[in-house]
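First comes the structure, then the notes that go with it.
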Amino acid sequence: MIKKPFFGLGKPKLQYSGINNIEGKDLKEIPPSTRVTLMHKSPGGELGELVLSIGDEVRTGQKLNLREMGEEYLTSTATGTITDISHTTEYTGQTFTSVSIEAKSKDLWDDEFEKTGKDAAPENALTFLSSLPGISDLSSLIEIDNPLNTIIINGLDRDLLVATNQIIVKTMAEHLSEGIEYLKKITGVSRFIFVVPPSLRVEAEQSGAEVEVIEPVYPDATPGLLMKRILDNPVSPSRTFEDLGVAFINPEAVVALRTAFVEGKLPVTKVLTVIDKDNRLTCIKARIGTPVRDILSALNIDVSHGDRLVFGGPMSGQSVYSEDMPILHDTDAIMVQDKSQVNPSGNDPCINCGECVRVCPAKIPVNMLIRLLENGLYEEAAQEYDLLSCVECGLCSYVCEMRIPISHYIMLGKHELPLTEGLEESNG
Ligand code: SF4
Ligand code: SF4
């Protein structure tokens with residue numbers, strides 16, 4: 001997706017960043033902002049009447065139900081007044097309900113969770129903890145048709161230059177074993193596998209989970225590839241993680257679950273890695289909903305016209321188009337790319353060089369796949385060229401000499417595919 005000149009492909013292989021690459025040893029705490037914006041992915045279908053109104057007063061850690069009908073809710077990460085409620089759509093077509101809160105300087109903590117939900121039971125997790133830092137939908141581990149038999153805690157990170165999961169394992173190891181016990185209670189799962197690089201073996205072994213040490217070679221820590229490597233059980237469009245009784249979770253969500261049940265407060269902060277224009281990494285803790293602008297300002301990172309902001313890392317991150325964009329539950333990294341490093345997508349067609357096919361860890365004929373995706377033929381892309389087996393590592397975009405934004409086409413295709421199928425079903 002994003003081409004950067006700081007690493008070479010081939011030998012030696014791309015390596016995930018280790019925690020030794022982080023500036024400073026501790027998490028840097030970002031001061032609370034005067035405004036936070038909370039976002040919830042809109043479910044499909046009729047949305048129904050909103051319950052919240054502009055002018056409503058909210059407290060920190062308060063559960064905010066969104067609609068009269070429906071179970072969507074947000075957790076307020078500030079004490080203050082709702083100043084805006086709107087609907088936004090990202091480029092893949094995903095819509096969000098956004099709620100902005102003008103925050104007061106002093107937090108008043110809501111006590112509903114402490115009074116009624118603090119027991120570690122599945123119904124309380126569903127009622128109060130559906131979104132935790134590090135996981136956008138905890139309910140997917142509880143409310144499923146096939147019971148889970150294994151949960152994999154991924155101590156490596158999603159992308160290069162990101163060290164969020166690793167710093168959680170390094171600095172909060174003592175809370176992970178307790179978090180796993182809570183996770184056992186709410187999911188009923190007894191088998192936990194903790195995947196870490198060699199540098200975090202000791203911390204992982206304190207957790208009580210089975211420990212699987214892997215070399216930090218990109219993209220081996222991608223869930224689809226871990227399934228094959230650890231459980232020798234490859235996923236495919238016809239065999240999802242759920243079908244196989246397996247789920248993935250980040251260490252941060254495990255720690256957040258423990259904090260919620262021990263302290264009786266809903267988690268309101270997120271740990272993330274900030275990658276500056278010189279590829280320096282800083283790990284920070286900020287309120288969920290904090291605008292990117294405030295985080296960059298606290299770190300003295302300037303953004304000028306033409307620079308690029310990315311949520312995520314260099315291989316699989318997604319550009320964001322405003323510094324007002326807030327960080328979300330699953331924002332693991334913010335990358336700032338200087339305009340001189342931005343390498344825009346090309347308009348020239350594929351030359352069939354085959355580089356993308358050679359590099360693809362899912363063995364997808366990417367050169368053929370891209371032809372269908374460029375023409376909006378999503379069903380054919382899934383049926384004939386394995387669209388749904390893509391693990392979204394971004395390597396194909398990285399090696400493409402023609403700078404075709406292959407990863408964007410793939411993400412769009414995956415989003416559009418269910419809509420296309422739904423349309424066909426409704427047309428009979
Ligand atoms: S198609 Fe591209 S993004 Fe998907 S797995 Fe293959 S190389 Fe990675
Ligand atoms: S790397 Fe780019 S140009 Fe080469 S085959 Fe793949 S899509 Fe075509």
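All residue names refer to the structure tokens as shown: chains lettered A, B, ... in order, residues numbered from 1 in each chain, ligands numbered from 1 in order.
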Handout entry: Those in range 125-218 of chain A with alpha helix (DSSP H) from DSSP, as a ChimeraX atom specification
Key = /A:125-128,164-171,173-187,201-205
Exercise for the section: Compile the contact shell of Glu57 in chain A as a PyMOL selection string: residues with an atom at most 8 Å away, counting only C-alpha atoms, same-chain residues fewer than 4 positions apart removed. Expected result: chain A and resi 79-82
Practice task
Please write out the residues within 6 Å of ligand 2 as a PyMOL selection string, counting only C-alpha atoms and all ligand atoms.
Solution key: chain A and resi 350-356+367+399-402
Residue subset to file, keeping N, CA and C atoms, as a tab-separated table (two decimals), in the first residue's frame:
```tsv
chain	number	residue	atom	x	y	z
A	350	CYS	N	-1.41	-3.13	-15.39
A	350	CYS	CA	-0.54	-4.24	-14.98
A	350	CYS	C	0.30	-4.71	-16.18
A	351	ILE	N	1.58	-4.95	-15.96
A	351	ILE	CA	2.46	-5.44	-17.03
A	351	ILE	C	2.70	-6.95	-16.90
A	352	ASN	N	1.99	-7.56	-15.97
A	352	ASN	CA	2.05	-9.02	-15.79
A	352	ASN	C	3.46	-9.51	-15.45
A	353	CYS	N	4.14	-8.75	-14.62
A	353	CYS	CA	5.51	-9.14	-14.26
A	353	CYS	C	5.53	-10.33	-13.30
A	354	GLY	N	4.42	-10.52	-12.57
A	354	GLY	CA	4.32	-11.69	-11.68
A	354	GLY	C	4.92	-11.50	-10.30
A	355	GLU	N	5.49	-10.31	-10.01
A	355	GLU	CA	6.11	-10.09	-8.70
A	355	GLU	C	5.10	-10.29	-7.57
A	356	CYS	N	3.88	-9.80	-7.77
A	356	CYS	CA	2.86	-9.89	-6.71
A	356	CYS	C	2.51	-11.35	-6.44
A	367	ASN	N	-2.12	-11.20	-9.93
A	367	ASN	CA	-2.17	-10.52	-11.23
A	367	ASN	C	-3.52	-10.73	-11.92
A	399	VAL	N	5.41	-4.55	-3.79
A	399	VAL	CA	6.35	-4.93	-4.84
A	399	VAL	C	5.91	-4.49	-6.24
A	400	CYS	N	4.67	-3.99	-6.36
A	400	CYS	CA	4.16	-3.70	-7.71
A	400	CYS	C	4.85	-2.48	-8.32
A	401	GLU	N	5.59	-2.71	-9.38
A	401	GLU	CA	6.33	-1.63	-10.05
A	401	GLU	C	5.38	-0.59	-10.65
A	402	MET	N	4.17	-1.01	-11.00
A	402	MET	CA	3.23	-0.08	-11.63
A	402	MET	C	2.44	0.71	-10.59
```
Handout entry: Neighbourhood of ligand 1 at 7 Å, counting only C-alpha atoms and all ligand atoms, reported as number ranges by chain
Key = A: 356, 359-364, 366, 390-397, 406-407
So that I have them on file, write out the residues from the current selection with C-alpha atoms, as a PDB file, in the first residue's frame.
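As written to disk, part.pdb reads:
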```
ATOM      1  CA  CYS A 356       2.863  -9.890  -6.712  1.00  0.00           C
ATOM      2  CA  VAL A 359       5.492 -12.619  -2.944  1.00  0.00           C
ATOM      3  CA  CYS A 360       1.935 -13.542  -1.878  1.00  0.00           C
ATOM      4  CA  PRO A 361       1.958 -15.739   1.275  1.00  0.00           C
ATOM      5  CA  ALA A 362      -1.595 -16.906   0.507  1.00  0.00           C
ATOM      6  CA  LYS A 363      -0.515 -18.104  -2.954  1.00  0.00           C
ATOM      7  CA  ILE A 364      -3.173 -16.043  -4.707  1.00  0.00           C
ATOM      8  CA  VAL A 366      -2.851 -11.601  -7.649  1.00  0.00           C
ATOM      9  CA  CYS A 390      -6.063 -12.752   1.225  1.00  0.00           C
ATOM     10  CA  VAL A 391      -4.538 -12.011   4.646  1.00  0.00           C
ATOM     11  CA  GLU A 392      -4.167  -8.287   3.812  1.00  0.00           C
ATOM     12  CA  CYS A 393      -0.408  -8.154   4.324  1.00  0.00           C
ATOM     13  CA  GLY A 394       0.138  -5.528   1.608  1.00  0.00           C
ATOM     14  CA  LEU A 395       3.189  -7.236   0.115  1.00  0.00           C
ATOM     15  CA  CYS A 396       1.655  -7.302  -3.371  1.00  0.00           C
ATOM     16  CA  SER A 397       1.165  -3.525  -3.380  1.00  0.00           C
ATOM     17  CA  ILE A 406      -3.847  -3.682  -5.037  1.00  0.00           C
ATOM     18  CA  SER A 407      -4.550  -3.719  -1.278  1.00  0.00           C
TER      19      SER A 407
END
```
Handout entry: Closest of A:Ser98, A:Gln166, A:Ser42, A:Thr150 to Pro198 in chain A - atom-to-atom distances counting only C-alpha atoms
Key = A:Gln166
